[in-house]
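Presented below is the structure to which this report refers.
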Amino acid sequence: MEKDKIFISGKTIFGLSIGVLIYLSFLFLNSNTFKLDYVIIGVLQEILTIPIIIGQLILLIFAYLNFRKDNYSLRSYGFLSLIVLIITNVFIWGSFILK
C-alpha cells in the first residue's frame with residue numbers, strides 16, 4: 001500500500017466540511033436567534049452534534065493529508081477544507097472554553 005494514498009478525494013472532504021459548517025451554523029442560529037422548540041429538532045440536535053464534532057476533527061486530519069498530497073498548493077480543495085475546518089474547530093472548542 002502506498003504511503004500517500006488517501007481514500008477520500010479533496011472535493012468530498014470540502015463538501016463534508018461545508019456540510020459541517022452549515023450544520024453548526026444552523027445549530028448556533030437556532031440556539032441564539034430562532035429558538036425553535038420542536039421535539040424533532042431537539043432529537044436531531046442531540047443525535048448529530050457529538051458525532052459531527054468528532055467527525056470534524058477526523059476531517060481536519062484528512063484535509064491536511066490531502067493538502068500535503070497536493071504539495072501544499074493553495075489552490076487545492078485540501079487547503080480550502082483545511083481553512084474551513086480550522087475556523088469551525090476554533091469556534092467550537094473556543095465556545096467550550098469560554099462558557
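Ordered as shown in the C-alpha cells, chains take letters A, B, and onward, while each chain numbers its residues from 1 and ligands are numbered from 1 in the order shown.
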inquiry  = Using only C-alpha atoms, which protein or nucleic acid residues come within 12 Å of Trp93 in chain A? Drop anything in the same chain fewer than 4 positions from it, and give the result as a VMD selection string.
reply    = chain A and resid 53 to 54 56 to 57 85 to 89 97 to 99
Deliver the residues from the most recent selection as a file, using C-alpha atoms, as a compact mmCIF listing (two decimals), in the first residue's frame.
# COMPACT_ATOMS: atom_id res chain seq x y z
CA ILE A 53 -17.87 17.50 16.35
CA ILE A 54 -15.78 14.32 16.40
CA GLN A 56 -14.78 17.44 12.00
CA LEU A 57 -11.59 16.53 13.85
CA LEU A 85 -12.30 23.15 9.39
CA ILE A 86 -9.73 25.13 11.36
CA ILE A 87 -12.19 28.02 11.70
CA THR A 88 -15.06 25.76 12.80
CA ASN A 89 -12.80 23.91 15.25
CA ILE A 97 -13.51 27.06 26.91
CA LEU A 98 -15.31 30.42 27.15
CA LYS A 99 -18.58 29.07 28.56
task = Can you list, as a ChimeraX atom specification, all residues belonging to range 4-91 of chain A that DSSP tags as alpha helix (DSSP H)?
result = /A:10-29,39-69,77-91
task = Excluding range 60-68 of chain A and residues on its chain fewer than 6 positions from it, collect all residues at most 7 Å away from it, counting only C-alpha atoms, and give them as a ChimeraX atom specification.
result = /A:10,13,78-79,81-82,85
ask   = Using only C-alpha atoms, which of A:Leu24, A:Leu80, A:Ile8, A:Leu74 sits nearest Ile52 in chain A?
value =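 With only C-alpha atoms as the atom set, the closest residue is A:Leu24.
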ask   = At what distance in Å, to one decimal, does CA of Tyr77 in chain A lie from CA of Ser9 in chain A?
value =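 Result for CA of Ser9 in chain A versus CA of Tyr77 in chain A: 8.8 Å, one decimal.
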